[in-house]
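Asks: Got a file for you: entry-v1.cif, mmCIF, N, CA and C atoms and all ligand atoms.
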data_coords
loop_
_atom_site.label_atom_id
_atom_site.label_comp_id
_atom_site.auth_asym_id
_atom_site.auth_seq_id
_atom_site.Cartn_x
_atom_site.Cartn_y
_atom_site.Cartn_z
N MET A 22 2.79 -32.94 -2.01
CA MET A 22 2.87 -32.68 -0.58
C MET A 22 2.46 -31.24 -0.28
N VAL A 23 2.01 -31.02 0.94
CA VAL A 23 1.60 -29.67 1.35
C VAL A 23 2.50 -29.22 2.49
N ASN A 24 2.93 -27.99 2.41
CA ASN A 24 3.82 -27.42 3.43
C ASN A 24 3.27 -26.05 3.84
N ASN A 25 2.10 -26.10 4.49
CA ASN A 25 1.37 -24.87 4.77
C ASN A 25 2.03 -24.02 5.85
N ARG A 26 2.01 -22.71 5.60
CA ARG A 26 2.57 -21.77 6.56
C ARG A 26 1.66 -20.56 6.65
N THR A 27 1.38 -20.14 7.89
CA THR A 27 0.59 -18.91 8.08
C THR A 27 1.47 -17.71 7.78
N CYS A 28 0.92 -16.79 6.99
CA CYS A 28 1.63 -15.56 6.65
C CYS A 28 0.74 -14.38 7.04
N ILE A 29 1.35 -13.38 7.67
CA ILE A 29 0.59 -12.23 8.17
C ILE A 29 1.27 -10.94 7.71
N ILE A 30 0.46 -9.99 7.25
CA ILE A 30 1.00 -8.67 6.91
C ILE A 30 1.19 -7.88 8.19
N SER A 31 2.36 -7.28 8.32
CA SER A 31 2.71 -6.51 9.50
C SER A 31 2.91 -5.05 9.12
N GLY A 32 2.02 -4.18 9.61
CA GLY A 32 2.16 -2.75 9.38
C GLY A 32 1.35 -2.26 8.20
N GLY A 33 1.07 -0.97 8.22
CA GLY A 33 0.39 -0.33 7.10
C GLY A 33 -1.10 -0.62 7.04
N LEU A 34 -1.69 -0.24 5.93
CA LEU A 34 -3.14 -0.32 5.73
C LEU A 34 -3.67 -1.74 5.88
N PHE A 35 -2.88 -2.73 5.49
CA PHE A 35 -3.36 -4.11 5.50
C PHE A 35 -2.81 -4.91 6.68
N ASN A 36 -2.34 -4.19 7.69
CA ASN A 36 -1.81 -4.84 8.90
C ASN A 36 -2.79 -5.88 9.43
N GLY A 37 -2.28 -7.07 9.69
CA GLY A 37 -3.10 -8.12 10.30
C GLY A 37 -3.72 -9.08 9.32
N TYR A 38 -3.72 -8.74 8.03
CA TYR A 38 -4.28 -9.69 7.05
C TYR A 38 -3.43 -10.96 7.08
N SER A 39 -4.12 -12.09 7.18
CA SER A 39 -3.37 -13.34 7.19
C SER A 39 -4.04 -14.38 6.30
N ASN A 40 -3.23 -15.29 5.84
CA ASN A 40 -3.74 -16.40 5.06
C ASN A 40 -2.68 -17.51 5.11
N VAL A 41 -3.04 -18.65 4.60
CA VAL A 41 -2.12 -19.79 4.62
C VAL A 41 -1.56 -20.01 3.22
N ILE A 42 -0.24 -20.11 3.14
CA ILE A 42 0.44 -20.33 1.86
C ILE A 42 1.09 -21.72 1.90
N ASP A 43 0.91 -22.45 0.82
CA ASP A 43 1.60 -23.74 0.68
C ASP A 43 2.99 -23.49 0.10
N LEU A 44 4.01 -23.63 0.95
CA LEU A 44 5.38 -23.30 0.51
C LEU A 44 5.86 -24.23 -0.61
N ASP A 45 5.24 -25.40 -0.74
CA ASP A 45 5.62 -26.30 -1.82
C ASP A 45 5.19 -25.76 -3.19
N LYS A 46 4.37 -24.70 -3.18
CA LYS A 46 3.98 -24.07 -4.44
C LYS A 46 4.72 -22.75 -4.64
N THR A 47 5.80 -22.56 -3.87
CA THR A 47 6.63 -21.37 -4.02
C THR A 47 8.09 -21.80 -4.15
N ASP A 48 8.90 -20.90 -4.73
CA ASP A 48 10.33 -21.20 -4.90
C ASP A 48 11.23 -20.17 -4.24
N THR A 49 10.67 -19.02 -3.89
CA THR A 49 11.48 -17.94 -3.31
C THR A 49 10.64 -17.21 -2.26
N LEU A 50 11.31 -16.38 -1.46
CA LEU A 50 10.57 -15.53 -0.51
C LEU A 50 9.64 -14.59 -1.26
N GLU A 51 10.10 -14.11 -2.42
CA GLU A 51 9.26 -13.20 -3.22
C GLU A 51 7.98 -13.90 -3.68
N ASP A 52 8.08 -15.20 -3.98
CA ASP A 52 6.88 -15.96 -4.36
C ASP A 52 5.87 -15.98 -3.22
N ILE A 53 6.38 -16.13 -1.98
CA ILE A 53 5.49 -16.15 -0.81
C ILE A 53 4.75 -14.82 -0.72
N VAL A 54 5.50 -13.73 -0.85
CA VAL A 54 4.88 -12.40 -0.81
C VAL A 54 3.84 -12.28 -1.93
N ASP A 55 4.22 -12.67 -3.14
CA ASP A 55 3.32 -12.55 -4.29
C ASP A 55 2.03 -13.34 -4.07
N GLN A 56 2.15 -14.54 -3.52
CA GLN A 56 0.95 -15.36 -3.31
C GLN A 56 0.04 -14.75 -2.25
N LEU A 57 0.64 -14.22 -1.17
CA LEU A 57 -0.19 -13.60 -0.14
C LEU A 57 -0.90 -12.38 -0.71
N LEU A 58 -0.18 -11.59 -1.50
CA LEU A 58 -0.80 -10.38 -2.09
C LEU A 58 -1.88 -10.75 -3.08
N HIS A 59 -1.69 -11.85 -3.79
CA HIS A 59 -2.73 -12.33 -4.71
C HIS A 59 -4.01 -12.68 -3.93
N LEU A 60 -3.84 -13.36 -2.79
CA LEU A 60 -5.00 -13.72 -1.96
C LEU A 60 -5.66 -12.48 -1.37
N LEU A 61 -4.84 -11.52 -0.93
CA LEU A 61 -5.38 -10.27 -0.38
C LEU A 61 -6.19 -9.55 -1.46
N SER A 62 -5.64 -9.46 -2.66
CA SER A 62 -6.34 -8.80 -3.77
C SER A 62 -7.65 -9.51 -4.07
N ARG A 63 -7.60 -10.82 -4.12
CA ARG A 63 -8.82 -11.61 -4.39
C ARG A 63 -9.89 -11.34 -3.32
N ASP A 64 -9.47 -11.33 -2.05
CA ASP A 64 -10.42 -11.12 -0.96
C ASP A 64 -11.02 -9.72 -1.01
N LEU A 65 -10.19 -8.71 -1.30
CA LEU A 65 -10.70 -7.34 -1.39
C LEU A 65 -11.70 -7.21 -2.55
N LYS A 66 -11.38 -7.85 -3.68
CA LYS A 66 -12.27 -7.77 -4.85
C LYS A 66 -13.60 -8.48 -4.59
N LYS A 67 -13.55 -9.55 -3.78
CA LYS A 67 -14.80 -10.23 -3.40
C LYS A 67 -15.75 -9.28 -2.69
N LEU A 68 -15.15 -8.30 -1.97
CA LEU A 68 -15.93 -7.31 -1.22
C LEU A 68 -16.16 -6.04 -2.04
N ASN A 69 -15.80 -6.10 -3.33
CA ASN A 69 -15.91 -4.94 -4.22
C ASN A 69 -15.05 -3.77 -3.77
N LEU A 70 -13.98 -4.05 -3.04
CA LEU A 70 -13.06 -2.99 -2.62
C LEU A 70 -11.94 -2.90 -3.66
N ASN A 71 -12.34 -2.53 -4.88
CA ASN A 71 -11.40 -2.61 -6.00
C ASN A 71 -10.28 -1.57 -5.92
N ASP A 72 -10.60 -0.35 -5.39
CA ASP A 72 -9.55 0.66 -5.27
C ASP A 72 -8.48 0.22 -4.27
N LEU A 73 -8.94 -0.40 -3.17
CA LEU A 73 -7.98 -0.92 -2.20
C LEU A 73 -7.14 -2.03 -2.82
N ALA A 74 -7.79 -2.90 -3.57
CA ALA A 74 -7.06 -3.99 -4.23
C ALA A 74 -6.01 -3.42 -5.18
N ASP A 75 -6.39 -2.37 -5.91
CA ASP A 75 -5.44 -1.76 -6.85
C ASP A 75 -4.29 -1.07 -6.14
N SER A 76 -4.51 -0.64 -4.89
CA SER A 76 -3.47 0.09 -4.17
C SER A 76 -2.34 -0.83 -3.72
N ILE A 77 -2.58 -2.12 -3.72
CA ILE A 77 -1.56 -3.07 -3.25
C ILE A 77 -0.28 -2.95 -4.08
N ILE A 78 -0.46 -2.71 -5.38
CA ILE A 78 0.67 -2.75 -6.30
C ILE A 78 1.69 -1.63 -6.01
N SER A 79 1.23 -0.56 -5.36
CA SER A 79 2.13 0.57 -5.11
C SER A 79 2.86 0.46 -3.78
N ILE A 80 2.63 -0.62 -3.05
CA ILE A 80 3.25 -0.79 -1.74
C ILE A 80 4.35 -1.85 -1.84
N PHE A 81 5.49 -1.58 -1.21
CA PHE A 81 6.60 -2.53 -1.23
C PHE A 81 6.48 -3.48 -0.04
N PHE A 82 6.14 -4.72 -0.33
CA PHE A 82 6.03 -5.75 0.70
C PHE A 82 7.28 -6.63 0.65
N HIS A 83 7.76 -7.04 1.83
CA HIS A 83 8.98 -7.83 1.87
C HIS A 83 9.05 -8.64 3.16
N ILE A 84 9.94 -9.61 3.17
CA ILE A 84 10.12 -10.48 4.34
C ILE A 84 11.50 -10.23 4.92
N HIS A 85 11.57 -9.98 6.25
CA HIS A 85 12.87 -9.82 6.92
C HIS A 85 13.37 -11.16 7.47
N SER A 86 12.43 -11.89 8.05
CA SER A 86 12.80 -13.16 8.68
C SER A 86 11.72 -14.18 8.39
N PRO A 87 12.04 -15.34 7.91
CA PRO A 87 13.37 -15.88 7.66
C PRO A 87 14.13 -15.09 6.58
N GLU A 88 15.45 -15.17 6.63
CA GLU A 88 16.26 -14.42 5.68
C GLU A 88 16.39 -15.13 4.34
N THR A 89 16.20 -16.45 4.34
CA THR A 89 16.29 -17.19 3.08
C THR A 89 15.09 -18.12 2.93
N PHE A 90 14.84 -18.52 1.70
CA PHE A 90 13.73 -19.44 1.43
C PHE A 90 13.97 -20.78 2.13
N GLY A 91 15.22 -21.21 2.18
CA GLY A 91 15.55 -22.45 2.86
C GLY A 91 15.15 -22.42 4.33
N GLU A 92 15.41 -21.29 4.99
CA GLU A 92 15.02 -21.14 6.39
C GLU A 92 13.51 -21.21 6.54
N ALA A 93 12.79 -20.64 5.59
CA ALA A 93 11.32 -20.67 5.64
C ALA A 93 10.82 -22.10 5.57
N LEU A 94 11.47 -22.91 4.75
CA LEU A 94 11.05 -24.31 4.61
C LEU A 94 11.29 -25.10 5.88
N LEU A 95 12.38 -24.78 6.57
CA LEU A 95 12.78 -25.57 7.74
C LEU A 95 12.05 -25.17 9.02
N SER A 96 11.52 -23.95 9.06
CA SER A 96 10.87 -23.46 10.26
C SER A 96 9.36 -23.51 10.10
N GLU A 97 8.65 -23.77 11.18
CA GLU A 97 7.19 -23.75 11.11
C GLU A 97 6.63 -22.44 11.62
N ASN A 98 7.51 -21.47 11.86
CA ASN A 98 7.06 -20.18 12.39
C ASN A 98 6.19 -19.43 11.39
N THR A 99 5.31 -18.60 11.93
CA THR A 99 4.53 -17.68 11.11
C THR A 99 5.49 -16.76 10.36
N ILE A 100 5.15 -16.46 9.11
CA ILE A 100 5.96 -15.56 8.30
C ILE A 100 5.28 -14.20 8.26
N TYR A 101 6.00 -13.17 8.68
CA TYR A 101 5.45 -11.81 8.67
C TYR A 101 5.92 -11.07 7.43
N ILE A 102 4.97 -10.43 6.77
CA ILE A 102 5.26 -9.66 5.56
C ILE A 102 5.24 -8.18 5.93
N CYS A 103 6.40 -7.53 5.84
CA CYS A 103 6.55 -6.14 6.27
C CYS A 103 6.25 -5.20 5.10
N ASN A 104 5.71 -4.01 5.44
CA ASN A 104 5.56 -2.98 4.40
C ASN A 104 5.75 -1.59 4.98
N HIS A 105 6.43 -1.50 6.12
CA HIS A 105 6.56 -0.19 6.76
C HIS A 105 8.01 0.26 6.90
N CYS A 106 8.91 -0.33 6.13
CA CYS A 106 10.30 0.16 6.14
C CYS A 106 10.92 -0.14 4.78
ZN ZN B 1 10.51 -3.97 6.43
#
Hey, can you dump this file as structure tokens for me?
Replies:
Amino acid sequence: MVNNRTCIISGGLFNGYSNVIDLDKTDTLEDIVDQLLHLLSRDLKKLNLNDLADSIISIFFHIHSPETFGEALLSENTIYICNHC
């Protein structure tokens, strides 16, 4: 089954980057963040922006809302990934 959710980075250098994550391939909120960052890195490397791709690892990305993975599964809302606090 597919449980697609739009995820958008909010704030910082990568503000506005968005992609679709299949929540059925994740188990935690951290997995969602990791998958979005993996896609961001892949997209930057496609453009040969390797230094920018490497800079992702030094930034702390996190989700405020939903507060739990269960809430993420139950809601169809866009998930925002914060990196400015
Ligand atoms: Zn934050």
Asks: For ligand ZN 1 (chain B), collect every residue having any atom at a distance of at most 5 Å from a ligand atom (counting only N, CA and C atoms and all ligand atoms); output as a list in words.
Replies: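 Using only N, CA and C atoms and all ligand atoms, everything at most 5 Å from ligand ZN 1 (chain B) comes to Cys103, Asn104, His105 and Cys106 of chain A.
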Asks: Report as a PyMOL selection string all protein, DNA and RNA residues lying within 8 Å of range 80-96 of chain A, evaluated on only N, CA and C atoms, omitting residues in the same chain fewer than 5 positions from it.
Replies: chain A and resi 24+26+44-45+48-51+54-55+75+101-106
Asks: Between A:Met22, A:Leu34, A:Cys28, A:Leu65, single out the one closest to Asn98 in chain A, counting only C-alpha atoms.
Replies: A:Cys28
Asks: Report, in Å to a single decimal, how far apart atom N of Asn40 in chain A and CA of Gln56 in chain A are.
Replies: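 CA of Gln56 in chain A sits 10.1 Å away from atom N of Asn40 in chain A.
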Asks: Grab all the atoms of range 36-50 of chain A that the file lists, wrap them in a box along x, y and z, add 8 Å per side, and give me centre plus edge lengths in Å (one decimal) as AutoDock Vina command-line options.
Replies:
--center_x 3.6 --center_y -15.2 --center_z 2.7 --size_x 31.8 --size_y 38.1 --size_z 31.2
Asks: Enumerate, as a list in words, the complete set of residues in chain A that a backbone-based DSSP assignment places in strand (DSSP E or B).
Replies: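 Restricting chain A to strand (DSSP E or B) produces Asn25, Arg26, Thr27, Cys28, Ile29, Ile30, Ser31, Ser39, Asn40, Val41, Ile42, Asp43, His83, Ile100, Tyr101, Ile102 and Cys103 of chain A.
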Asks: Which protein, DNA or RNA residues are at most 6.5 Å from (0.8, -23.8, 11.0) in the file's coordinates when you count all atoms listed in the file, listed as a count of residues only?
Replies: 4
Asks: Can you list, as a list in words, every protein, DNA or RNA residue that comes within 8 Å of Ser62 in chain A when you count all atoms listed in the file, leaving out same-chain residues fewer than 6 positions away?
Replies: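 Final neighbour list, sorted by chain and number: Gln56, Leu68, Leu70, Leu73, Ala74, Asp75 and Ile77 of chain A.
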Asks: How far is it from atom N of Ile53 in chain A to atom N of Lys67 in chain A, in Å with one decimal?
Replies: 21.1 Å
Asks: Rounded to one decimal in Å, what is the spacing between CA of Asp64 in chain A and atom C of Val23 in chain A?
Replies: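 About the pair CA of Asp64 in chain A and atom C of Val23 in chain A: they are 22.5 Å apart.
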Asks: Which of these, A:Ile100, A:Asn71, A:Ser79, A:Leu61, has the shortest distance to Phe35 in chain A once you count only C-alpha atoms?
Replies: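 Checking each of A:Ile100, A:Asn71, A:Ser79, A:Leu61 against Phe35 in chain A, counting only C-alpha atoms, the winner is A:Leu61.
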